[in-house]
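One structure is given below, encoded as C-alpha cells.
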Amino acid sequence: ANQPKARLTMADHAQDDPGNGPRKEIYTYKAPWTVFSMAWSHRPDPSSQFRLAIGSYVEQYSNAVQIVKKLPGAGGENYGNQLYQACEFDHPYPCTKILWSPDTRNLGSKDLLATTGDYLRIWNLTDDGSGRGTLIPKKEALLNNNKTSEYCAPLTSFDWNESDPNLIGTSSIDTTCTIWDVTTQTARTQLIAHDREVFDLAFARGKDVFASVGADGSVRMFDLRSLEHSTIIYESPNLDPLLRLEWNKQDPNYLATFMVDSRRTIILDIRVPSLPVAELGGHLGCVNATAWAPHSSCHICTAGDDSQALIWDLSQMPKRPVEDPILAYNADGEINNLQWSASQPDWVSIAYNDKLQILRV
C-alpha cells in the first residue's frame, strides 16, 4: 500500500490554539491490567469534566471494571494526575463490552452501567458522599434468558438503544440476538440471527431497526416490528468473519464493519446492498475498532494493531475513493479499543496495553 505523503497528526492539530493553553491535550490513565472494554458516560457530572468506564482483559475468571474520572478545571502542565479512579468492582470474565445508560432525559433516575460477558449485567452507581467524586457500585440485575441449562452461551457484545433506553440488544456465540426490557429485566424477543456466532449488534437511529455481524461473514438488518424476516446487507468476499459493526447515528444509511485480521474498514450504504461504498486502508496492522463521529455524519475514526488511530473524512464518497485519513495519532502500543464521546465530541478515547488515553481531536 502506498503511504500518504504527509499526515496532519492530532498533536499538530492541537497546536493551532493561539492562546497560552497547552499544545496538545492528552490524558493518560494507567490501569492495573490490560484495558479492553471502554465507554464514555452520557450524563453531566458536576464532580468531573468527564468520566469513563473501563474493563480489564485478564485470561481468568476474576476480572474488574473501573470508573475513571477527570478532575474538573484546566490542564496546566501536570496532565498525568488528572484522571483518577472513582470506583472499582469485580466482574466475572472480561467484559466484552461496557456501556452507560444513554438516558439523559431523566437525570434524577439511577446512574446505570451495563456489561456483557457470561451474562448481561446492569450496575447502579451512587455517590458515596465523601465529596471526592468516588462512587459505590451495586449490581441491579443479571439477565439470563437460558433458564433450563446450567451452561451459558457467552455474550460477544450489546447495544443500548438511545431512543428507548429501556431496550438493550445482546449478541451471543449461540447464533442468537436477544432484545431485553431493562425495567422488567426480561427478554422481549430472542431470534436466531446468523448461521454461526454473532459477534456484534448495533441499533440504528430510532428504536426498531438493528443490525448484526458474525462468523458467517454477513451483515444482517432486522426490524423489531417484523422479525420474521431479515435483510442481508453485505457478505464478506470469502465469508470471512465480520467482527464489529458501528451504525452512523447522524446518517442512518451508513454502517462500518471490518473482517477479522483485516487492515481495512468497510463502509456500507444500506440503500446499495452487497457493495461497500468505501473501503478505508491506511492501517499497517489489523483494525480492532471503529467509531463514527457523534456530531458529524461524514467523519469516522479507526484504530488498530499498528498503534494508529486515524480520522477519515467521508464527505466525498462515493464520488471519489477515500484514500488518506485527515488526522493520525500514534499511540505507544497496539490499540485494542476506541470510543468517541457523544456528549463531548471533541474527545476520543483509546485503549492500549494497560492504558486508557483520552485525546482532544
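Naming works like this for the C-alpha cells: A, B, ... for the chains as they're shown, residue 1 at the start of each chain, ligands 1 onward in shown order.
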| message | So that I can check the surroundings of Ser343 (chain A), please list as number ranges by chain every protein, DNA and RNA residue that reaches within 8 Å of it, counting only C-alpha atoms and ignoring chain neighbours fewer than 5 positions away. | response | A: 41-43
| All residues 10 Å or closer to region 167-175 of chain A, only C-alpha atoms, same chain fewer than 5 positions away omitted, as a PyMOL selection string | chain A and resi 101+114+116-120+152-162+180-183+187-203+207-208+210+212-216
Selection above as a file: N, CA and C atoms, as a short mmCIF file (atom, residue, chain, number, x, y, z; two decimals), in the first residue's frame:
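The resulting file, out23.cif, is shown below:
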```cif
data_model
loop_
_atom_site.label_atom_id
_atom_site.label_comp_id
_atom_site.auth_asym_id
_atom_site.auth_seq_id
_atom_site.Cartn_x
_atom_site.Cartn_y
_atom_site.Cartn_z
N SER A 101 -25.88 4.00 30.50
CA SER A 101 -27.23 4.26 30.00
C SER A 101 -27.24 5.52 29.15
N ALA A 114 -24.05 -0.94 31.97
CA ALA A 114 -24.28 -2.34 31.62
C ALA A 114 -22.99 -2.97 31.11
N THR A 116 -21.39 -6.88 29.33
CA THR A 116 -21.64 -8.24 28.86
C THR A 116 -20.39 -9.07 29.04
N GLY A 117 -20.61 -10.36 29.27
CA GLY A 117 -19.54 -11.35 29.39
C GLY A 117 -20.22 -12.70 29.35
N ASP A 118 -20.27 -13.38 30.49
CA ASP A 118 -21.07 -14.60 30.54
C ASP A 118 -22.56 -14.27 30.50
N TYR A 119 -22.94 -13.13 31.09
CA TYR A 119 -24.34 -12.67 31.08
C TYR A 119 -24.36 -11.17 30.87
N LEU A 120 -25.56 -10.63 30.67
CA LEU A 120 -25.77 -9.18 30.68
C LEU A 120 -26.03 -8.76 32.12
N CYS A 152 -23.94 -21.33 30.10
CA CYS A 152 -24.39 -20.12 29.43
C CYS A 152 -23.59 -19.97 28.14
N ALA A 153 -24.21 -19.36 27.15
CA ALA A 153 -23.51 -19.05 25.90
C ALA A 153 -22.99 -17.62 26.03
N PRO A 154 -21.67 -17.43 26.06
CA PRO A 154 -21.13 -16.09 26.29
C PRO A 154 -21.67 -15.05 25.30
N LEU A 155 -21.83 -13.84 25.81
CA LEU A 155 -22.31 -12.72 25.02
C LEU A 155 -21.09 -11.98 24.46
N THR A 156 -21.12 -11.74 23.16
CA THR A 156 -19.98 -11.13 22.49
C THR A 156 -20.04 -9.61 22.51
N SER A 157 -21.26 -9.06 22.60
CA SER A 157 -21.41 -7.61 22.51
C SER A 157 -22.85 -7.23 22.83
N PHE A 158 -23.12 -5.93 22.86
CA PHE A 158 -24.50 -5.47 23.04
C PHE A 158 -24.60 -4.02 22.62
N ASP A 159 -25.82 -3.52 22.51
CA ASP A 159 -26.03 -2.09 22.28
C ASP A 159 -27.22 -1.65 23.12
N TRP A 160 -27.17 -0.40 23.55
CA TRP A 160 -28.22 0.17 24.40
C TRP A 160 -28.94 1.21 23.56
N ASN A 161 -30.24 1.03 23.37
CA ASN A 161 -30.97 1.88 22.44
C ASN A 161 -31.09 3.31 22.96
N GLU A 162 -30.67 4.27 22.14
CA GLU A 162 -30.67 5.66 22.58
C GLU A 162 -32.07 6.27 22.56
N TRP A 180 -33.72 -7.11 25.23
CA TRP A 180 -34.10 -7.12 26.65
C TRP A 180 -34.87 -5.86 27.02
N ASP A 181 -35.79 -6.05 27.96
CA ASP A 181 -36.51 -4.93 28.59
C ASP A 181 -35.81 -4.65 29.92
N VAL A 182 -35.19 -3.48 30.02
CA VAL A 182 -34.37 -3.18 31.19
C VAL A 182 -35.22 -3.08 32.46
N THR A 183 -36.40 -2.47 32.34
CA THR A 183 -37.24 -2.26 33.52
C THR A 183 -37.77 -3.56 34.10
N ALA A 187 -36.54 -10.86 28.70
CA ALA A 187 -36.25 -10.84 27.26
C ALA A 187 -37.56 -10.57 26.51
N ARG A 188 -37.57 -9.54 25.69
CA ARG A 188 -38.74 -9.28 24.85
C ARG A 188 -38.79 -10.25 23.69
N THR A 189 -37.62 -10.52 23.11
CA THR A 189 -37.58 -11.46 21.99
C THR A 189 -36.18 -12.00 21.85
N GLN A 190 -36.08 -13.23 21.38
CA GLN A 190 -34.79 -13.82 21.07
C GLN A 190 -34.89 -14.44 19.69
N LEU A 191 -33.91 -14.17 18.83
CA LEU A 191 -34.01 -14.70 17.48
C LEU A 191 -32.69 -15.28 17.03
N ILE A 192 -32.77 -16.31 16.21
CA ILE A 192 -31.56 -16.84 15.58
C ILE A 192 -31.20 -15.87 14.47
N ALA A 193 -30.07 -15.19 14.64
CA ALA A 193 -29.73 -14.09 13.74
C ALA A 193 -28.79 -14.50 12.63
N HIS A 194 -27.92 -15.49 12.91
CA HIS A 194 -26.88 -15.87 11.94
C HIS A 194 -26.74 -17.39 11.92
N ASP A 195 -25.94 -17.85 10.96
CA ASP A 195 -25.68 -19.29 10.85
C ASP A 195 -24.60 -19.74 11.83
N ARG A 196 -23.79 -18.78 12.27
CA ARG A 196 -22.72 -19.09 13.22
C ARG A 196 -22.73 -18.04 14.32
N GLU A 197 -21.64 -17.94 15.08
CA GLU A 197 -21.59 -16.99 16.20
C GLU A 197 -21.92 -15.57 15.73
N VAL A 198 -22.62 -14.83 16.58
CA VAL A 198 -22.87 -13.41 16.32
C VAL A 198 -21.83 -12.63 17.12
N PHE A 199 -21.11 -11.72 16.47
CA PHE A 199 -20.03 -11.00 17.15
C PHE A 199 -20.39 -9.59 17.58
N ASP A 200 -21.39 -8.99 16.95
CA ASP A 200 -21.74 -7.63 17.35
C ASP A 200 -23.16 -7.31 16.92
N LEU A 201 -23.75 -6.34 17.60
CA LEU A 201 -25.11 -5.89 17.32
C LEU A 201 -25.14 -4.38 17.53
N ALA A 202 -25.85 -3.67 16.67
CA ALA A 202 -25.97 -2.22 16.83
C ALA A 202 -27.35 -1.76 16.39
N PHE A 203 -27.94 -0.87 17.19
CA PHE A 203 -29.21 -0.25 16.80
C PHE A 203 -28.95 0.90 15.84
N LYS A 207 -35.95 3.29 17.40
CA LYS A 207 -36.00 2.18 18.35
C LYS A 207 -36.28 0.81 17.75
N ASP A 208 -36.45 0.73 16.44
CA ASP A 208 -36.91 -0.53 15.86
C ASP A 208 -35.87 -1.31 15.06
N PHE A 210 -32.20 -2.77 13.96
CA PHE A 210 -30.84 -3.07 14.41
C PHE A 210 -30.18 -3.99 13.39
N SER A 212 -26.65 -6.85 12.78
CA SER A 212 -25.68 -7.70 13.47
C SER A 212 -24.67 -8.23 12.46
N VAL A 213 -23.50 -8.61 12.99
CA VAL A 213 -22.46 -9.24 12.16
C VAL A 213 -21.97 -10.48 12.89
N GLY A 214 -21.32 -11.37 12.13
CA GLY A 214 -20.85 -12.56 12.80
C GLY A 214 -19.89 -13.40 12.00
N ALA A 215 -19.68 -14.61 12.52
CA ALA A 215 -18.68 -15.53 11.96
C ALA A 215 -19.08 -16.03 10.58
N ASP A 216 -20.35 -15.87 10.19
CA ASP A 216 -20.74 -16.31 8.84
C ASP A 216 -20.43 -15.26 7.77
#
```
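Residues lying within 6 Å of Ser48 (chain A), counting only C-alpha atoms and ignoring same-chain neighbours fewer than 6 positions away, are Lys70, Leu71 and Pro72 of chain A.
Near Asp261 (chain A), within 12 Å and counting only C-alpha atoms, sit Asp240, Pro241, Leu242, Leu243, Arg244, Thr265, His283, Leu284, Gly285, Cys286, Val287, Asn288, Ala289, Gly304 and Asp305 of chain A, not including residues fewer than 4 positions from it in the same chain.
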| Which of region 52-268 of chain A fall in strand (DSSP E), as a PyMOL selection string | chain A and resi 52-56+62-70+83-92+97-100+111-116+120-127+135-143+155-160+167-172+176-181+186-192+198-203+209-214+218-223+231-235+242-247+254-259+265-268
| field | Who sits within 9 Å of Leu310 (chain A), only C-alpha atoms, same chain under 5 positions skipped, as an MDAnalysis selection string | value | chainID A and resid 282:283 300:303 325:330
Could the residues in this selection be written to a file with N, CA and C atoms, as an mmCIF file, in the first residue's frame?
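Wrote it out as again-v9.cif, contents follow:
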```cif
data_model
loop_
_atom_site.group_PDB
_atom_site.id
_atom_site.type_symbol
_atom_site.label_atom_id
_atom_site.label_comp_id
_atom_site.auth_asym_id
_atom_site.auth_seq_id
_atom_site.Cartn_x
_atom_site.Cartn_y
_atom_site.Cartn_z
ATOM 1 N N GLY A 282 -4.953 2.424 4.945
ATOM 2 C CA GLY A 282 -4.226 3.297 5.878
ATOM 3 C C GLY A 282 -3.565 2.605 7.050
ATOM 4 N N HIS A 283 -4.118 1.483 7.503
ATOM 5 C CA HIS A 283 -3.503 0.803 8.651
ATOM 6 C C HIS A 283 -2.471 -0.216 8.186
ATOM 7 N N ILE A 300 -15.166 9.434 10.619
ATOM 8 C CA ILE A 300 -15.069 8.172 11.336
ATOM 9 C C ILE A 300 -13.621 7.985 11.769
ATOM 10 N N CYS A 301 -13.444 7.354 12.923
ATOM 11 C CA CYS A 301 -12.109 7.052 13.430
ATOM 12 C C CYS A 301 -11.917 5.542 13.396
ATOM 13 N N THR A 302 -10.721 5.099 13.003
ATOM 14 C CA THR A 302 -10.387 3.672 13.007
ATOM 15 C C THR A 302 -9.091 3.495 13.794
ATOM 16 N N ALA A 303 -8.929 2.340 14.441
ATOM 17 C CA ALA A 303 -7.719 2.116 15.233
ATOM 18 C C ALA A 303 -7.324 0.658 15.130
ATOM 19 N N PRO A 325 -6.358 9.389 5.500
ATOM 20 C CA PRO A 325 -7.029 9.999 6.647
ATOM 21 C C PRO A 325 -6.666 11.479 6.747
ATOM 22 N N ILE A 326 -7.469 12.240 7.466
ATOM 23 C CA ILE A 326 -7.160 13.665 7.647
ATOM 24 C C ILE A 326 -6.364 13.902 8.929
ATOM 25 N N LEU A 327 -6.411 12.949 9.846
ATOM 26 C CA LEU A 327 -5.652 13.072 11.092
ATOM 27 C C LEU A 327 -5.119 11.695 11.467
ATOM 28 N N ALA A 328 -3.954 11.685 12.096
ATOM 29 C CA ALA A 328 -3.402 10.421 12.587
ATOM 30 C C ALA A 328 -2.817 10.640 13.970
ATOM 31 N N TYR A 329 -2.989 9.659 14.819
ATOM 32 C CA TYR A 329 -2.365 9.704 16.144
ATOM 33 C C TYR A 329 -1.641 8.385 16.368
ATOM 34 N N ASN A 330 -0.399 8.466 16.819
ATOM 35 C CA ASN A 330 0.371 7.262 17.109
ATOM 36 C C ASN A 330 0.405 7.016 18.603
#
```
